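Next comes final.txt, with compact mmCIF, C-alpha atoms.
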```
# COMPACT_ATOMS: atom_id res chain seq x y z
CA MET A 12 -6.54 2.69 70.32
CA LYS A 13 -6.75 5.03 67.43
CA ARG A 14 -6.31 2.19 64.91
CA VAL A 15 -9.26 0.23 66.41
CA ASP A 16 -11.37 3.34 66.18
CA TYR A 17 -10.52 3.75 62.55
CA PHE A 18 -11.45 0.17 61.62
CA LEU A 19 -14.62 0.42 63.63
CA ALA A 20 -15.57 3.55 61.75
CA TYR A 21 -14.60 1.87 58.49
CA PHE A 22 -16.69 -1.19 59.34
CA LEU A 23 -19.71 0.94 60.24
CA LEU A 24 -19.44 2.88 57.01
CA ALA A 25 -19.29 -0.42 55.08
CA VAL A 26 -22.50 -1.50 56.82
CA ILE A 27 -24.05 1.85 55.88
CA GLN A 28 -23.01 1.26 52.28
CA ILE A 29 -24.69 -2.19 52.31
CA LEU A 30 -27.86 -0.61 53.67
CA ILE A 31 -27.76 2.15 51.06
CA THR A 32 -27.27 -0.38 48.27
CA ASN A 33 -30.12 -2.55 49.52
CA TYR A 34 -32.68 0.04 50.55
CA PHE A 35 -31.95 3.43 48.99
CA HIS A 36 -32.87 3.11 45.33
CA LEU A 37 -33.44 6.77 44.50
CA SER A 38 -33.27 6.47 40.74
CA TYR A 39 -31.79 4.43 37.89
CA PHE A 40 -29.54 7.42 37.33
CA ILE A 41 -28.08 7.51 40.82
CA THR A 42 -25.59 5.06 42.26
CA LEU A 43 -24.81 6.04 45.83
CA SER A 44 -21.43 4.91 47.06
CA ILE A 45 -19.07 5.98 49.82
CA LEU A 46 -16.71 3.10 49.12
CA PRO A 47 -14.22 5.15 47.06
CA VAL A 48 -13.74 7.72 49.78
CA MET A 49 -13.44 4.96 52.39
CA VAL A 50 -10.54 3.46 50.44
CA LEU A 51 -8.99 6.89 49.90
CA SER A 52 -9.15 7.50 53.64
CA ILE A 53 -7.18 4.35 54.56
CA PRO A 54 -4.32 5.69 56.70
CA ILE A 55 -1.14 6.51 54.82
CA ARG A 56 0.94 4.21 57.02
CA TYR A 57 -0.68 1.28 55.22
CA SER A 58 1.00 0.41 51.94
CA THR A 59 -0.70 0.26 48.56
CA ASN A 60 -0.77 -3.53 48.71
CA ILE A 61 -2.55 -3.57 52.06
CA ALA A 62 -4.93 -0.87 50.83
CA MET A 63 -5.71 -3.04 47.80
CA PHE A 64 -6.45 -6.05 50.00
CA ILE A 65 -8.72 -3.91 52.20
CA ALA A 66 -10.46 -2.55 49.08
CA PHE A 67 -10.84 -6.02 47.62
CA GLY A 68 -12.30 -7.35 50.90
CA THR A 69 -14.63 -4.37 51.29
CA GLY A 70 -15.88 -4.60 47.71
CA LEU A 71 -16.38 -8.34 47.94
CA GLY A 72 -18.23 -7.98 51.27
CA VAL A 73 -20.58 -5.36 49.87
CA ASP A 74 -21.11 -7.40 46.72
CA LEU A 75 -21.95 -10.51 48.73
CA LEU A 76 -24.23 -8.82 51.23
CA ALA A 77 -25.89 -6.30 48.99
CA ASP A 78 -28.38 -7.01 46.24
CA GLY A 79 -26.14 -6.54 43.24
CA VAL A 80 -23.81 -8.10 40.73
CA LEU A 81 -21.00 -10.03 42.38
CA GLY A 82 -17.59 -8.53 41.62
CA LEU A 83 -18.87 -5.14 40.50
CA ASN A 84 -17.82 -3.11 43.56
CA THR A 85 -14.61 -5.13 43.85
CA LEU A 86 -13.70 -4.38 40.23
CA ALA A 87 -14.29 -0.65 40.67
CA LEU A 88 -12.73 -0.33 44.12
CA VAL A 89 -9.33 -1.99 43.71
CA PRO A 90 -8.11 0.65 41.17
CA ILE A 91 -8.88 3.36 43.77
CA ALA A 92 -6.59 1.61 46.23
CA PHE A 93 -3.94 1.12 43.54
CA LEU A 94 -3.96 4.84 42.67
CA ARG A 95 -4.56 6.10 46.21
CA ASN A 96 -0.99 7.23 46.84
CA THR A 97 -0.85 8.97 43.46
CA VAL A 98 -4.06 10.89 44.15
CA ILE A 99 -2.88 11.92 47.62
CA SER A 100 0.51 12.93 46.22
CA VAL A 101 -1.01 15.02 43.42
CA VAL A 102 -3.77 16.67 45.45
CA PHE A 103 -2.20 17.04 48.90
CA GLY A 104 1.51 16.91 48.13
CA ASP A 105 4.38 14.50 48.83
CA GLU A 106 4.91 15.88 52.34
CA MET A 107 1.88 13.83 53.47
CA PHE A 108 4.03 10.71 53.05
CA SER A 109 7.12 12.11 54.74
CA ARG A 110 5.02 13.24 57.72
CA LYS A 111 2.88 10.06 57.55
CA GLU A 112 -0.07 12.32 58.10
CA ASP A 113 -3.63 11.44 57.06
CA PHE A 114 -5.70 14.05 55.27
CA SER A 115 -8.81 15.77 56.60
CA ILE A 116 -10.95 18.78 55.69
CA LYS A 117 -9.71 20.62 58.75
CA ARG A 118 -6.02 20.06 57.97
CA ASN A 119 -5.97 20.25 54.17
CA GLY A 120 -8.96 22.41 53.41
CA PHE A 121 -12.27 21.73 51.74
CA THR A 122 -11.09 22.35 48.17
CA LYS A 123 -8.31 19.79 48.19
CA VAL A 124 -10.40 17.14 49.90
CA ALA A 125 -13.31 17.82 47.51
CA LEU A 126 -10.97 17.48 44.55
CA ALA A 127 -9.65 14.16 45.83
CA ILE A 128 -13.19 12.90 46.49
CA LEU A 129 -14.32 13.92 43.01
CA PHE A 130 -11.35 12.19 41.44
CA VAL A 131 -11.84 8.85 43.20
CA GLN A 132 -15.63 9.01 42.81
CA ALA A 133 -15.25 9.65 39.08
CA LEU A 134 -12.82 6.78 38.63
CA PHE A 135 -15.02 4.43 40.63
CA LEU A 136 -18.18 5.42 38.75
CA ILE A 137 -16.59 5.13 35.31
CA ILE A 138 -15.61 1.51 36.00
CA TYR A 139 -18.80 0.70 37.90
CA ILE A 140 -21.20 2.13 35.29
CA ALA A 141 -19.28 0.62 32.37
CA ALA A 142 -19.20 -2.85 33.94
CA ASP A 143 -22.81 -2.63 35.13
CA GLY A 144 -24.09 -1.56 31.70
CA ALA A 145 -21.89 -4.13 29.94
CA GLY A 146 -22.11 -2.13 26.72
CA THR A 147 -25.91 -2.48 26.51
CA ARG A 148 -26.88 1.04 27.56
CA PRO A 149 -26.59 4.16 25.40
CA PHE A 150 -23.85 6.65 26.07
CA TRP A 151 -26.20 9.44 27.14
CA PHE A 152 -27.73 7.20 29.83
CA ASN A 153 -24.33 6.28 31.20
CA PHE A 154 -23.24 9.93 31.08
CA VAL A 155 -26.30 11.22 32.94
CA ARG A 156 -25.97 8.41 35.46
CA PHE A 157 -22.32 9.29 35.93
CA LEU A 158 -23.03 12.98 36.53
CA CYS A 159 -25.94 12.39 38.93
CA SER A 160 -24.05 9.70 40.83
CA LEU A 161 -20.95 11.87 41.04
CA ILE A 162 -22.85 14.73 42.62
CA ALA A 163 -24.80 12.48 45.00
CA GLY A 164 -21.73 10.42 45.87
CA PHE A 165 -19.69 13.58 46.51
CA LEU A 166 -22.28 14.97 48.91
CA LEU A 167 -22.51 11.65 50.73
CA SER A 168 -18.72 11.26 50.84
CA LEU A 169 -18.11 14.50 52.73
CA PRO A 170 -19.47 13.23 56.09
CA ALA A 171 -17.79 9.87 55.42
CA VAL A 172 -14.40 11.56 55.01
CA ASP A 173 -15.01 13.46 58.19
CA ALA A 174 -15.99 10.30 60.05
CA LEU A 175 -12.79 8.54 58.94
CA SER A 176 -10.43 11.46 59.54
CA PRO A 177 -8.38 11.55 62.75
CA GLU A 178 -10.25 14.66 63.90
CA GLY A 179 -13.62 13.08 63.22
CA ARG A 180 -12.74 10.04 65.27
CA SER A 181 -11.29 11.91 68.20
CA MET B 9 20.13 0.53 43.86
CA PRO B 10 17.57 3.01 45.32
CA ARG B 11 15.87 2.98 41.94
CA GLU B 12 15.54 -0.82 42.08
CA ARG B 13 14.10 -0.47 45.56
CA LYS B 14 11.38 1.76 44.12
CA VAL B 15 10.67 -0.29 41.03
CA ILE B 16 10.25 -3.71 42.65
CA PRO B 17 7.42 -2.69 45.06
CA ILE B 18 5.64 -0.95 42.17
CA LEU B 19 5.88 -4.13 40.09
CA ILE B 20 4.59 -6.22 43.00
CA SER B 21 1.70 -3.80 43.53
CA ALA B 22 0.91 -3.90 39.81
CA ALA B 23 0.91 -7.70 39.86
CA ILE B 24 -1.41 -7.78 42.90
CA PHE B 25 -3.66 -5.20 41.26
CA ILE B 26 -3.90 -7.23 38.05
CA LEU B 27 -4.62 -10.44 39.95
CA MET B 28 -7.37 -8.76 41.97
CA GLU B 29 -8.95 -7.25 38.89
CA ILE B 30 -8.86 -10.61 37.13
CA ALA B 31 -10.50 -12.16 40.19
CA ALA B 32 -13.19 -9.46 40.18
CA LEU B 33 -13.80 -9.91 36.45
CA ASN B 34 -13.99 -13.65 36.98
CA MET B 35 -16.64 -13.15 39.66
CA LEU B 36 -18.54 -10.80 37.35
CA SER B 37 -18.49 -13.19 34.41
CA SER B 38 -19.37 -16.26 36.47
CA ARG B 39 -22.66 -14.83 37.74
CA ASP B 40 -24.02 -12.79 34.87
CA SER B 41 -24.13 -13.71 31.16
CA LEU B 42 -24.37 -10.05 30.13
CA GLN B 43 -21.16 -9.21 31.94
CA ARG B 44 -19.56 -12.43 30.70
CA PHE B 45 -20.25 -11.43 27.11
CA TRP B 46 -18.98 -7.90 27.77
CA ILE B 47 -15.77 -9.13 29.39
CA ALA B 48 -15.19 -11.68 26.63
CA ARG B 49 -15.63 -8.97 24.01
CA GLY B 50 -13.20 -6.67 25.84
CA ALA B 51 -10.70 -9.49 26.27
CA HIS B 52 -10.88 -10.31 22.55
CA ARG B 53 -10.36 -6.66 21.69
CA ILE B 54 -7.28 -6.44 23.93
CA GLN B 55 -6.03 -9.74 22.54
CA GLY B 56 -6.48 -8.41 19.00
CA THR B 57 -4.67 -5.16 19.79
CA LEU B 58 -1.80 -6.97 21.49
CA TRP B 59 -1.54 -9.49 18.68
CA GLY B 60 -1.59 -6.69 16.09
CA GLY B 61 1.01 -4.76 18.07
CA THR B 62 3.37 -7.71 18.39
CA GLU B 63 2.93 -8.48 14.71
CA GLY B 64 3.77 -4.84 13.92
CA ILE B 65 6.93 -5.01 16.05
CA LYS B 66 7.89 -8.36 14.53
CA TYR B 67 7.32 -6.94 11.04
CA TYR B 68 9.47 -3.88 11.85
CA PHE B 69 12.39 -6.06 12.83
CA ILE B 70 12.21 -8.20 9.69
CA LEU B 71 12.05 -5.12 7.42
CA ARG B 72 15.79 -5.30 6.76
CA LYS B 73 15.42 -8.83 5.44
CA VAL B 74 12.31 -7.84 3.44
CA ASN B 75 14.25 -4.95 1.90
CA ARG B 76 17.13 -7.24 1.00
CA ASP B 77 14.74 -9.75 -0.61
CA LEU B 78 12.97 -6.97 -2.51
CA ALA B 79 16.28 -5.63 -3.82
CA ALA B 80 17.27 -9.11 -5.00
CA GLU B 81 13.87 -9.58 -6.62
CA ASN B 82 14.15 -6.17 -8.24
CA ALA B 83 17.54 -7.07 -9.74
CA ALA B 84 16.18 -10.37 -11.05
CA LEU B 85 13.18 -8.60 -12.59
CA ARG B 86 15.45 -6.00 -14.20
CA GLU B 87 17.52 -8.79 -15.71
CA ASP B 88 14.35 -10.48 -17.00
CA LEU B 89 13.18 -7.18 -18.45
CA ILE B 90 16.40 -6.75 -20.43
CA HIS B 91 16.10 -10.33 -21.66
CA TYR B 92 12.48 -9.87 -22.77
CA LYS B 93 13.29 -6.53 -24.41
CA ALA B 94 15.87 -8.32 -26.52
CA ILE B 95 13.28 -10.96 -27.44
CA VAL B 96 10.76 -8.26 -28.38
CA ASP B 97 13.32 -6.51 -30.58
CA ASP B 98 14.15 -9.78 -32.32
CA ALA B 99 10.44 -10.54 -32.70
CA ARG B 100 9.91 -7.13 -34.27
CA LEU B 101 12.59 -7.88 -36.83
CA ASP B 102 11.14 -11.33 -37.41
CA THR B 103 7.67 -9.83 -37.88
CA MET B 104 9.02 -7.62 -40.58
CA LYS B 105 10.82 -10.53 -42.12
CA PHE B 106 7.77 -12.80 -42.15
CA GLY B 107 5.49 -9.92 -43.09
CA LEU B 108 7.06 -10.12 -46.52
CA LYS B 109 5.95 -12.76 -48.94
CA SER B 110 8.62 -15.39 -49.07
CA ALA B 111 10.31 -16.08 -52.33
CA ARG B 112 12.51 -18.93 -53.42
CA GLY B 113 16.22 -18.21 -53.60
CA PHE B 114 16.19 -15.28 -51.20
CA ILE B 115 17.76 -15.11 -47.76
CA TYR B 116 16.33 -12.65 -45.25
CA THR B 117 18.58 -11.03 -42.66
CA PRO B 118 17.09 -8.70 -40.05
CA ALA B 119 19.04 -5.51 -39.54
CA GLU B 120 18.86 -2.18 -37.81
CA ILE B 121 19.63 1.12 -39.44
CA GLU B 122 22.60 2.82 -37.82
CA LYS B 123 22.70 5.89 -40.02
CA ILE B 124 20.40 7.30 -42.66
CA SER B 125 20.32 10.48 -44.73
CA ARG B 126 17.04 11.88 -46.02
CA ASN B 127 17.63 15.47 -47.07
CA LYS B 128 19.97 14.97 -50.03
CA GLN B 129 19.46 14.00 -53.64
CA HIS B 130 21.71 10.97 -53.14
CA ASN B 131 20.68 9.53 -49.80
CA TYR B 132 22.30 6.56 -48.13
CA ILE B 133 21.75 4.07 -45.34
CA ILE B 134 24.22 2.25 -43.07
CA ILE B 135 22.97 -0.94 -41.42
CA ASN B 136 24.44 -3.08 -38.63
CA ARG B 137 24.84 -6.24 -40.71
CA GLY B 138 27.82 -7.12 -42.89
CA SER B 139 29.54 -9.92 -44.77
CA GLU B 140 29.84 -12.02 -41.62
CA ASP B 141 26.07 -11.91 -41.35
CA GLY B 142 25.68 -13.17 -44.93
CA VAL B 143 24.96 -9.79 -46.52
CA LEU B 144 26.03 -9.57 -50.18
CA GLU B 145 26.55 -6.56 -52.45
CA LYS B 146 23.53 -5.75 -54.60
CA SER B 147 21.22 -7.18 -51.98
CA GLY B 148 17.94 -5.37 -51.41
CA ILE B 149 16.77 -3.75 -48.22
CA VAL B 150 13.08 -4.02 -47.54
CA THR B 151 10.52 -3.65 -44.78
CA GLY B 152 7.03 -5.02 -44.41
CA LYS B 153 5.86 -1.80 -46.07
CA GLY B 154 8.08 -1.71 -49.12
CA VAL B 155 11.54 -1.30 -50.59
CA VAL B 156 14.12 0.79 -48.77
CA GLY B 157 17.36 0.58 -50.75
CA ILE B 158 20.12 -1.50 -52.32
CA ILE B 159 23.37 -2.59 -50.67
CA ASP B 160 26.32 -0.90 -52.35
CA ALA B 161 29.28 -1.85 -50.16
CA VAL B 162 29.73 -4.51 -47.50
CA GLU B 163 32.09 -4.55 -44.54
CA LYS B 164 32.44 -7.27 -41.90
CA HIS B 165 29.74 -5.97 -39.60
CA HIS B 166 28.22 -3.06 -41.50
CA SER B 167 26.86 -2.38 -44.94
CA TYR B 168 26.44 0.81 -46.94
CA ALA B 169 23.34 1.05 -49.07
CA LEU B 170 21.88 3.50 -51.56
CA SER B 171 18.54 4.62 -50.28
CA PHE B 172 15.49 4.46 -52.51
CA MET B 173 15.44 8.24 -51.97
CA ASN B 174 18.16 8.50 -54.59
CA HIS B 175 18.00 9.63 -58.20
CA ASP B 176 20.25 6.79 -59.30
CA ILE B 177 17.92 4.03 -58.15
CA SER B 178 14.92 2.63 -59.95
CA ILE B 179 12.98 -0.45 -59.01
CA SER B 180 11.05 -2.65 -61.35
CA ALA B 181 7.43 -2.31 -60.21
CA ARG B 182 4.11 -3.70 -61.33
CA LEU B 183 0.78 -1.89 -61.42
CA GLY B 184 -1.83 -4.03 -59.72
CA ASP B 185 -1.81 -7.83 -59.55
CA ASN B 186 -1.29 -8.41 -63.27
CA GLY B 187 -0.71 -4.92 -64.67
CA ALA B 188 2.03 -3.22 -66.61
CA VAL B 189 5.58 -3.12 -65.33
CA GLY B 190 7.72 0.00 -65.20
CA PRO B 191 10.55 1.61 -63.25
CA LEU B 192 9.63 3.17 -59.92
CA VAL B 193 11.77 6.14 -58.92
CA TRP B 194 11.78 8.61 -56.05
CA ASP B 195 9.99 11.88 -56.76
CA GLY B 196 13.00 13.82 -55.43
CA HIS B 197 11.14 15.70 -52.70
CA SER B 198 9.07 13.66 -50.27
CA SER B 199 9.96 10.88 -47.88
CA ASN B 200 6.99 8.80 -49.05
CA LYS B 201 6.34 9.72 -52.70
CA ALA B 202 7.57 8.06 -55.91
CA ILE B 203 6.79 8.00 -59.66
CA LEU B 204 5.98 4.94 -61.70
CA ARG B 205 7.15 5.57 -65.28
CA GLU B 206 6.72 4.06 -68.73
CA ILE B 207 3.28 2.58 -68.22
CA PRO B 208 1.76 2.04 -71.64
CA LEU B 209 -1.36 4.10 -72.27
CA GLN B 210 -3.53 1.09 -73.00
CA TYR B 211 -3.17 -0.19 -69.46
CA LYS B 212 -6.04 1.09 -67.39
CA TYR B 213 -5.82 1.48 -63.62
CA GLU B 214 -7.77 3.09 -60.83
CA PRO B 215 -6.27 5.55 -58.35
CA GLY B 216 -5.62 3.56 -55.16
CA ASP B 217 -4.44 0.45 -56.98
CA THR B 218 -1.47 -1.18 -55.25
CA ILE B 219 1.99 -1.13 -56.77
CA TYR B 220 4.16 -4.26 -56.18
CA THR B 221 7.71 -5.26 -56.97
CA SER B 222 7.67 -7.08 -60.29
CA GLY B 223 10.35 -9.64 -59.47
CA TYR B 224 12.04 -9.01 -62.80
CA SER B 225 15.21 -7.83 -61.10
CA SER B 226 17.55 -10.13 -59.26
CA ILE B 227 17.56 -7.80 -56.27
CA PHE B 228 13.99 -7.84 -54.94
CA PRO B 229 11.56 -10.75 -54.76
CA PRO B 230 8.22 -10.23 -56.50
CA ASP B 231 4.97 -9.03 -54.93
CA ILE B 232 6.31 -6.77 -52.20
CA PRO B 233 3.66 -4.08 -51.82
CA LEU B 234 5.23 -0.67 -52.37
CA GLY B 235 2.47 1.90 -52.38
CA THR B 236 -0.75 3.07 -54.02
CA ALA B 237 -1.30 4.70 -57.39
CA GLY B 238 -2.42 8.32 -57.57
CA ASP B 239 -2.73 10.89 -60.36
CA SER B 240 -1.08 10.31 -63.69
CA LYS B 241 0.09 12.31 -66.68
CA ILE B 242 0.86 11.36 -70.25
CA ILE B 243 4.51 11.74 -71.28
CA ASN B 244 5.30 12.41 -74.94
CA GLY B 245 1.91 11.06 -75.89
CA ALA B 246 3.20 7.51 -75.46
CA THR B 247 3.30 6.50 -71.81
CA ASN B 248 1.71 7.29 -68.48
CA GLU B 249 3.63 8.58 -65.50
CA ILE B 250 1.80 7.72 -62.26
CA LYS B 251 2.32 9.36 -58.91
CA VAL B 252 2.72 6.76 -56.12
CA THR B 253 2.27 7.19 -52.38
CA LEU B 254 4.65 4.77 -50.71
CA PHE B 255 3.53 2.63 -47.78
CA GLN B 256 6.91 3.07 -46.17
CA ASP B 257 7.59 6.52 -44.87
CA PHE B 258 11.37 6.95 -44.74
CA SER B 259 11.19 9.41 -41.89
CA THR B 260 10.08 6.63 -39.51
CA LEU B 261 12.50 3.98 -40.63
CA ARG B 262 14.53 1.95 -38.13
CA TYR B 263 14.28 -1.84 -38.53
CA VAL B 264 14.81 -3.34 -41.97
CA THR B 265 15.46 -6.69 -43.63
CA VAL B 266 18.25 -7.43 -46.04
CA VAL B 267 17.10 -9.61 -48.93
CA SER B 268 19.95 -11.50 -50.55
CA ASN B 269 19.41 -13.43 -53.78
CA THR B 270 21.32 -16.72 -53.51
CA SER B 271 21.38 -17.20 -57.29
CA GLN B 272 22.45 -13.63 -58.04
CA ARG B 273 25.95 -14.57 -59.20
CA GLU B 274 24.56 -17.27 -61.47
CA LEU B 275 22.15 -14.75 -63.00
CA GLU B 276 24.90 -12.18 -63.50
CA ALA B 277 27.10 -14.76 -65.16
CA LEU B 278 24.24 -15.64 -67.47
CA GLU B 279 23.68 -11.96 -68.31
CA ASN B 280 27.39 -11.49 -69.08
CA LYS B 281 27.33 -14.36 -71.59
```
As structure tokens:
Amino acid sequence: MKRVDYFLAYFLLAVIQILITNYFHLSYFITLSILPVMVLSIPIRYSTNIAMFIAFGTGLGVDLLADGVLGLNTLALVPIAFLRNTVISVVFGDEMFSRKEDFSIKRNGFTKVALAILFVQALFLIIYIAADGAGTRPFWFNFVRFLCSLIAGFLLSLPAVDALSPEGRS
Amino acid sequence: MPRERKVIPILISAAIFILMEIAALNMLSSRDSLQRFWIARGAHRIQGTLWGGTEGIKYYFILRKVNRDLAAENAALREDLIHYKAIVDDARLDTMKFGLKSARGFIYTPAEIEKISRNKQHNYIIINRGSEDGVLEKSGIVTGKGVVGIIDAVEKHHSYALSFMNHDISISARLGDNGAVGPLVWDGHSSNKAILREIPLQYKYEPGDTIYTSGYSSIFPPDIPLGTAGDSKIINGATNEIKVTLFQDFSTLRYVTVVSNTSQRELEALENK
């Protein structure tokens, strides 16, 4: 029952992401995305390979349904899935894997979750902005876009993490 | 075994990751020319780095062979250098030989001075050519710059000569192209000064005129330039004695040429009659 709840929440958040991408153009300097934190929140019981397939499917779905460049979200999202276990291990500790316990703000604290969100957001944005600009935009533009998007994405990711956490879904 | 169990899933994950990223890049490049150009540029850069890296590794592993080839080449070059040095030395001797005006009846043999004395009143020279090289007693020793001495004794491979820096030696010399002839002797002090004696007073000359061998002796061929005339003084009111600066400085002497007169014995026999 719990698993269905998770995928439902995941699906709804993906729909929200499509809506954000299509209708919430705040600025050229802001790229709003909750996709990285969605991939980070994939339950630990799923292996890296499965997480990568989920990330690939999610990115491709958003790319197809949203008004953007095809492959851009997919390209930036798969590395998050690939490094997901490493990030969790570094930020939350190896005991998460031995206990097969998913992270949440309530269990692991705001600081650790914020750190993990910032890490995956930063990685996602670096790839996304670089591929989107395709070497045509100046460094300062990309840097400002990165900083603004990181802050905005972090703020938006906090409720998303909560929605995907076991406590948030219960 | 547990290590293998860890490594294989990581490799599989890495392979899946790479395939997915390639698929994503392919989607990017198929829809947008800007991204296509960007990806192509990145791919070329990676290709260049990888190619350069593999070339570097390949080059590292063939360094041993390169070193071996270089050492062999070095040895061959060293051998060539020795060979060419010998040629240059021979050429130097030949230059001196051909720098002299050739004269009929004389044989020229290049030689190298092995020992020379300069600070005595009776100086000598030992050269590295002897009877087996065709050197005869009473042969002259010359250079392109003048007369050096006269062979006094000959061994198989070496010869002993009296240096021109010797009170016992005088050379028949001529003042100018067609001037008076007189004996040229060492001044007894310098390594490049001599005195031309017995020049009749009526013969006029200018300081700086060249002194040549006269050719009146059987030892030296004519017209070898010896030096230039300097100041003069009248001796006994009858002859001039002219100071000569020799072209050949004996302090820098090393390569010489032995001049052997082929008709010397015939001339001596004629004199004895």
With all atoms listed in the file considered, list every residue of chain A at most 7 Å from chain B, as an mmCIF file with C-alpha atoms, keeping the file's coordinate frame.
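Ended up saving to iface13.cif:
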```
data_model
loop_
_atom_site.group_PDB
_atom_site.id
_atom_site.type_symbol
_atom_site.label_atom_id
_atom_site.label_comp_id
_atom_site.auth_asym_id
_atom_site.auth_seq_id
_atom_site.Cartn_x
_atom_site.Cartn_y
_atom_site.Cartn_z
ATOM 1 C CA THR A 59 -0.700 0.260 48.560
ATOM 2 C CA ASN A 60 -0.770 -3.530 48.710
ATOM 3 C CA VAL A 80 -23.810 -8.100 40.730
ATOM 4 C CA LEU A 81 -21.000 -10.030 42.380
ATOM 5 C CA GLY A 82 -17.590 -8.530 41.620
ATOM 6 C CA LEU A 83 -18.870 -5.140 40.500
ATOM 7 C CA THR A 85 -14.610 -5.130 43.850
ATOM 8 C CA LEU A 86 -13.700 -4.380 40.230
ATOM 9 C CA VAL A 89 -9.330 -1.990 43.710
ATOM 10 C CA PHE A 93 -3.940 1.120 43.540
ATOM 11 C CA ALA A 142 -19.200 -2.850 33.940
ATOM 12 C CA ALA A 145 -21.890 -4.130 29.940
ATOM 13 C CA GLY A 146 -22.110 -2.130 26.720
#
```
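We find atom CA of A:Ile140 and atom CA of A:Asn84 to be spaced 10.4 Å apart.
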Exercise. Excluding same-chain residues fewer than 6 positions from A:Leu46, what lies within 8 Å of it counting only C-alpha atoms, as a ChimeraX atom specification?
Worked result: /A:25,28,70,88
Would you give the centre and edge lengths, in Å to one decimal, of a box along x, y and z around the listed atoms of stretch 54-72 of chain B, with 3 Å added to each side, as JSON?
```
{"center_x": 4.3, "center_y": -6.8, "center_z": 15.3, "size_x": 29.1, "size_y": 11.9, "size_z": 23.2}
```
Problem set entry | Counting all atoms listed in the file, the residue of B:Thr151, B:Thr221, B:Thr270, B:Thr57 that sits nearest B:Gly113 |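 Among the listed residues, B:Thr270 lies closest to B:Gly113.
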Exercise. Of the residues B:Leu58, B:Ile70, B:Ala119, B:Val266, which is the one nearest to B:Gly157, using all atoms listed in the file?
Worked result: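 Counting all atoms listed in the file, the residue closest to B:Gly157 is B:Val266.
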Exercise. Any idea what's packed within 10 Å of stretch 236-245 of chain B, counting all atoms listed in the file, ignoring anything in its chain fewer than 4 positions away? Could you give it as a ChimeraX atom specification?
Worked result: /B:183-184,201-209,213-220,249-255
Problem set entry | Point-to-point distance in Å for atom CA of B:His166 and atom CA of B:Glu140 | 9.1 Å
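Between atom CA of A:Ser115 and atom CA of A:Ser176 the separation is 5.5 Å.
For the choices A:Met63, A:Ile116, A:Phe108, A:Asn33, the atom-to-atom distance to A:Leu75 is smallest for A:Asn33 when using all atoms listed in the file.
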Problem set entry | From A:Val172, A:Pro47, A:Lys117, A:Gly144, residue lying nearest A:Phe67 [all atoms listed in the file] | A:Pro47
Exercise. Using all atoms listed in the file, what residues lie at most 8 Å away from (-20.7, 4.6, 38.4) (file coordinates), given as a list in words?
Worked result: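 Collected hits near the coordinates: Thr42, Ala133, Phe135, Leu136, Ile137, Ile138, Tyr139, Ile140, Ala141, Arg156, Phe157, Ser160 and Leu161 of chain A.
Take the candidates B:Phe258, B:Phe114, B:Phe228, B:Tyr211 and check each one against B:Ser198 using only C-alpha atoms; the shortest distance goes to B:Phe258.
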Problem set entry | Residues within 12 Å of A:Ser38, all atoms listed in the file, excluding chain neighbours under 2 positions, as a PyMOL selection string | chain A and resi 32+34-36+40-43+155-156+159-160+163
Go ahead and write the residues just picked, C-alpha atoms, as a compact mmCIF listing (two decimals), keeping the file's coordinate frame.
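Everything below was put into result.txt:
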```txt
# COMPACT_ATOMS: atom_id res chain seq x y z
CA THR A 32 -27.27 -0.38 48.27
CA TYR A 34 -32.68 0.04 50.55
CA PHE A 35 -31.95 3.43 48.99
CA HIS A 36 -32.87 3.11 45.33
CA PHE A 40 -29.54 7.42 37.33
CA ILE A 41 -28.08 7.51 40.82
CA THR A 42 -25.59 5.06 42.26
CA LEU A 43 -24.81 6.04 45.83
CA VAL A 155 -26.30 11.22 32.94
CA ARG A 156 -25.97 8.41 35.46
CA CYS A 159 -25.94 12.39 38.93
CA SER A 160 -24.05 9.70 40.83
CA ALA A 163 -24.80 12.48 45.00
```
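Every protein, DNA or RNA residue with an atom at most 8 Å from A:Ile45, where only C-alpha atoms count and chain neighbours fewer than 3 positions away do not, is listed here: Leu24, Gln28, Val48, Met49, Gly164, Leu167, Ser168 and Ala171 of chain A.
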Problem set entry | Shell of 12 Å around A:Asp105, all atoms listed in the file, local chain residues under 6 positions omitted, as a ChimeraX atom specification | /A:55,96-99,111-114
